[in-house]
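Peer 1: So here's query14.pdb, just PDB, C-alpha atoms:
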ATOM      1  CA  THR H   1       0.000   0.000   0.000
ATOM      2  CA  ASP H   2       1.028   3.622  -0.491
ATOM      3  CA  LYS H   3       2.726   5.136   2.521
ATOM      4  CA  VAL H   4       2.958   8.706   1.166
ATOM      5  CA  HIS H   5      -0.093  10.695   0.064
ATOM      6  CA  GLN H   6      -0.243  14.080  -1.646
ATOM      7  CA  THR H   7      -3.346  16.241  -1.988
ATOM      8  CA  PRO H   8      -4.729  17.560  -4.136
ATOM      9  CA  THR H   9      -3.602  15.051  -6.768
ATOM     10  CA  ALA H  10      -4.225  17.586  -9.549
ATOM     11  CA  ILE H  11      -4.798  21.316  -9.497
ATOM     12  CA  LEU H  12      -5.282  24.108 -12.029
ATOM     13  CA  LYS H  13      -4.507  27.669 -10.984
ATOM     14  CA  GLY H  14      -4.035  30.944 -12.803
ATOM     15  CA  PRO H  15      -1.503  33.743 -12.426
ATOM     16  CA  GLU H  16      -1.510  35.390  -8.996
ATOM     17  CA  ASP H  17      -3.496  32.480  -7.465
ATOM     18  CA  LYS H  18      -2.201  30.948  -4.247
ATOM     19  CA  VAL H  19      -1.587  27.215  -4.015
ATOM     20  CA  ASN H  20      -1.434  24.891  -1.008
ATOM     21  CA  LEU H  21      -0.333  21.266  -1.283
ATOM     22  CA  THR H  22      -0.371  18.712   1.523
ATOM     23  CA  CYS H  23       1.785  15.632   1.994
ATOM     24  CA  SER H  24       1.246  12.964   4.628
ATOM     25  CA  HIS H  25       2.779   9.598   5.380
ATOM     26  CA  THR H  26       2.144   6.601   7.617
ATOM     27  CA  ASP H  27       5.642   5.249   8.291
ATOM     28  CA  SER H  28       6.613   5.773  11.931
ATOM     29  CA  SER H  29      10.344   5.741  11.117
ATOM     30  CA  TYR H  30      10.079   8.651   8.659
ATOM     31  CA  ASN H  31      10.633  12.095  10.169
ATOM     32  CA  MET H  32      11.437  14.142   7.081
ATOM     33  CA  ILE H  33       9.198  15.224   4.186
ATOM     34  CA  LEU H  34      10.719  16.662   1.020
ATOM     35  CA  TRP H  35       9.105  18.657  -1.809
ATOM     36  CA  TYR H  36      10.318  18.483  -5.427
ATOM     37  CA  GLN H  37       9.453  20.317  -8.642
ATOM     38  CA  GLN H  38       9.642  18.873 -12.157
ATOM     39  CA  SER H  39       9.080  21.491 -14.849
ATOM     40  CA  GLY H  40       8.146  20.853 -18.453
ATOM     41  CA  GLN H  41      11.426  22.294 -19.717
ATOM     42  CA  ASN H  42      13.612  20.108 -17.496
ATOM     43  CA  THR H  43      12.762  16.570 -16.411
ATOM     44  CA  ALA H  44      15.212  16.665 -13.505
ATOM     45  CA  LEU H  45      13.663  16.876 -10.042
ATOM     46  CA  LYS H  46      14.584  20.089  -8.232
ATOM     47  CA  LEU H  47      14.475  20.067  -4.442
ATOM     48  CA  ILE H  48      12.242  22.935  -3.294
ATOM     49  CA  GLY H  49      12.619  22.306   0.407
ATOM     50  CA  TYR H  50      11.862  19.952   3.240
ATOM     51  CA  VAL H  51      10.636  19.660   6.802
ATOM     52  CA  ARG H  52      12.951  17.732   9.121
ATOM     53  CA  TYR H  53      10.985  16.912  12.273
ATOM     54  CA  THR H  54       9.401  20.383  12.697
ATOM     55  CA  SER H  55      12.182  22.433  11.119
ATOM     56  CA  PRO H  56      11.425  23.735   7.601
ATOM     57  CA  THR H  57      14.089  24.579   5.022
ATOM     58  CA  VAL H  58      13.582  26.155   1.576
ATOM     59  CA  GLU H  59      16.384  25.925  -0.971
ATOM     60  CA  ASP H  60      17.921  29.281  -1.960
ATOM     61  CA  SER H  61      16.629  29.156  -5.545
ATOM     62  CA  PHE H  62      13.030  28.858  -4.277
ATOM     63  CA  LYS H  63      13.133  31.294  -1.336
ATOM     64  CA  GLY H  64      10.581  34.070  -1.576
ATOM     65  CA  ARG H  65       8.398  32.074  -3.986
ATOM     66  CA  PHE H  66       7.643  28.965  -1.935
ATOM     67  CA  ASP H  67       7.181  28.152   1.716
ATOM     68  CA  VAL H  68       7.232  24.798   3.493
ATOM     69  CA  SER H  69       5.843  23.992   6.920
ATOM     70  CA  GLY H  70       4.522  21.119   8.975
ATOM     71  CA  ASP H  71       5.495  18.414  11.427
ATOM     72  CA  ALA H  72       7.080  15.442   9.695
ATOM     73  CA  ALA H  73       7.647  13.517  12.918
ATOM     74  CA  ALA H  74       4.568  13.673  15.171
ATOM     75  CA  ASN H  75       1.780  14.629  12.740
ATOM     76  CA  LYS H  76       3.473  13.071   9.672
ATOM     77  CA  MET H  77       2.338  16.027   7.523
ATOM     78  CA  ALA H  78       3.986  18.819   5.564
ATOM     79  CA  TYR H  79       2.684  21.646   3.418
ATOM     80  CA  LEU H  80       3.960  23.434   0.331
ATOM     81  CA  HIS H  81       2.625  26.970  -0.116
ATOM     82  CA  PHE H  82       2.907  29.253  -3.134
ATOM     83  CA  PRO H  83       1.799  32.713  -2.019
ATOM     84  CA  LYS H  84       1.012  33.323  -5.696
ATOM     85  CA  VAL H  85       1.807  31.684  -9.001
ATOM     86  CA  THR H  86       4.203  34.142 -10.621
ATOM     87  CA  GLU H  87       6.573  32.420 -13.008
ATOM     88  CA  ALA H  88       6.111  30.145 -16.028
ATOM     89  CA  GLU H  89       8.148  27.393 -14.382
ATOM     90  CA  ASP H  90       5.661  27.330 -11.492
ATOM     91  CA  SER H  91       3.527  25.360 -13.954
ATOM     92  CA  ALA H  92       5.060  21.993 -13.142
ATOM     93  CA  VAL H  93       4.607  18.616 -11.491
ATOM     94  CA  TYR H  94       5.194  18.637  -7.737
ATOM     95  CA  PHE H  95       6.218  15.588  -5.743
ATOM     96  CA  CYS H  96       6.564  14.931  -2.064
ATOM     97  CA  ALA H  97       8.601  12.171  -0.491
ATOM     98  CA  ALA H  98       9.111  10.923   3.052
ATOM     99  CA  SER H  99      12.400   9.738   4.471
ATOM    100  CA  GLU H 100      14.325   9.062   7.615
ATOM    101  CA  ALA H 101      16.121  12.273   8.542
ATOM    102  CA  GLN H 102      19.830  12.138   7.857
ATOM    103  CA  CYS H 103      22.480  14.266   9.463
ATOM    104  CA  PHE H 104      25.680  15.073   7.588
ATOM    105  CA  THR H 105      28.776  16.821   8.831
ATOM    106  CA  ILE H 106      31.070  18.447   6.311
ATOM    107  CA  PRO H 107      34.569  18.688   7.718
ATOM    108  CA  SER H 108      36.014  22.171   7.654
ATOM    109  CA  LEU H 109      38.812  22.923   5.265
ATOM    110  CA  LEU H 110      42.046  22.329   7.162
ATOM    111  CA  TYR H 111      44.526  23.555   4.586
ATOM    112  CA  LYS H 112      44.260  26.300   2.054
ATOM    113  CA  ASN H 113      46.274  26.153  -1.142
ATOM    114  CA  PRO H 114      48.469  29.261  -1.533
ATOM    115  CA  LEU H 115      47.876  31.249  -4.709
TER     116      LEU H 115
END
As structure tokens, what does this structure read like?

Peer 2:
Amino acid sequence: TDKVHQTPTAILKGPEDKVNLTCSHTDSSYNMILWYQQSGQNTALKLIGYVRYTSPTVEDSFKGRFDVSGDAAANKMAYLHFPKVTEAEDSAVYFCAASEAQCFTIPSLLYKNPL
């Protein structure tokens, strides 16, 4: 059975309209929900942002146009908000995914090459 659900499954909006999408999941080990965009011009999935536990993050290229919120751990839900449809690439397919939250540490640069 499907463990991740997105609503609405299809939506048609015009310029300046606001859009709200909801993603939910049923897997108790998942505590992160991610939102992706796939535009007609580019089939690659672009990460819009994610909610890790209750902490939302929007990628720099989508800041100011999109907002994410929710509680991926306790309520198992996250939301993607477009305050208003403004750009042609906003007309796209949107996906949500659920995952176990991962933590990565990037070691600091210890040596700098002299110029």

Peer 1: Skipping near chain neighbours, those fewer than 5 positions away, what residues fall within 9 Å of H:Thr86 using all atoms listed in the file, listed as a list of chain:residue names?

Peer 2: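 Contacts, in chain order: H:Pro15, H:Glu16, H:Asp17, H:Arg65.
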
Peer 1: I need the output of the PyMOL selection byres ((chain H and resi 96) around 6) for this file as a ChimeraX atom specification; which residues are they?

Peer 2: /H:34-35,95,97

Peer 1: Which residues, named as in the file, does the PyMOL selection byres ((chain H and resi 83) around 6) pick out? Answer as an mmCIF file with C-alpha atoms, keeping the file's coordinate frame.

Peer 2:
data_model
loop_
_atom_site.group_PDB
_atom_site.id
_atom_site.type_symbol
_atom_site.label_atom_id
_atom_site.label_comp_id
_atom_site.auth_asym_id
_atom_site.auth_seq_id
_atom_site.Cartn_x
_atom_site.Cartn_y
_atom_site.Cartn_z
ATOM 1 C CA LYS H 18 -2.201 30.948 -4.247
ATOM 2 C CA PHE H 82 2.907 29.253 -3.134
ATOM 3 C CA LYS H 84 1.012 33.323 -5.696
#

Peer 1: Would you please work out which residue, of H:Leu21, H:Pro8, H:Tyr50, H:Pro56, is nearest to H:His81 when using only C-alpha atoms?

Peer 2: H:Leu21

Peer 1: Could you please determine the separation between atom CA of H:Val19 and atom CA of H:Asp90 in Å, to one decimal place?

Peer 2: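 About the pair atom CA of H:Val19 and atom CA of H:Asp90: they are 10.4 Å apart.
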
Peer 1: Determine, for each residue of stretch 51-75 of chain H having at least one atom at most 9 Å from an atom of stretch 24-28 of chain H, the closest pair of atoms and their separation in Å to one decimal, counting only C-alpha atoms; order by chain and ascending number, as a tab-separated table.

Peer 2:
residue	atom	partner	partner_atom	distance
H:Ala72	CA	H:Ser24	CA	8.1
H:Ala73	CA	H:Ser28	CA	7.9
H:Ala74	CA	H:Ser28	CA	8.8
H:Asn75	CA	H:Ser24	CA	8.3

Peer 1: For a quick check of understanding, using all atoms listed in the file, which of H:Thr57, H:Ser29, H:Ser39, H:Thr9 has the smallest distance to H:Ala88?

Peer 2: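 Checking each of H:Thr57, H:Ser29, H:Ser39, H:Thr9 against H:Ala88, counting all atoms listed in the file, the winner is H:Ser39.
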
Peer 1: Rounded to one decimal in Å, what is the spacing between atom CA of H:Met32 and atom CA of H:Tyr53?

Peer 2: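 That distance, rounded to one decimal, is 5.9 Å.
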
Peer 1: Pick from H:Gln37, H:Leu12, H:Val85, H:Ala92: nearest to H:Gly49, with all atoms listed in the file counted?

Peer 2: H:Gln37

Peer 1: Hey, can you pull every residue with an atom no more than 8 Å from (16.3, 21.0, -4.0), using all atoms listed in the file, and send it as a PyMOL selection string?

Peer 2: chain H and resi 35-36+45-49+59

Peer 1: When distances are computed from only C-alpha atoms, which of H:Lys76, H:Lys63, H:Lys3, H:Arg52 shows the smallest separation from H:Thr22?

Peer 2: H:Lys76

Peer 1: Please determine an axis-aligned box that encloses all atoms of stretch 56-65 of chain H listed in the file, with 8 Å added on each side, and express its centre and edge lengths in Å to one decimal as AutoDock Vina command-line options.

Peer 2:
--center_x 13.2 --center_y 28.9 --center_z 1.0 --size_x 25.5 --size_y 26.3 --size_z 29.1

Peer 1: Counting all atoms listed in the file, figure out which residue out of H:Tyr79, H:Asp71, H:Glu87, H:Asp60 gets nearest to H:Tyr30.

Peer 2: H:Asp71

Peer 1: Find, counting all atoms listed in the file, the residue in H:Cys23, H:Ile11, H:Ala98, H:Ala78 that gets nearest to H:Ser55.

Peer 2: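 Looking at the shortest contact to H:Ser55, the residue is H:Ala78.
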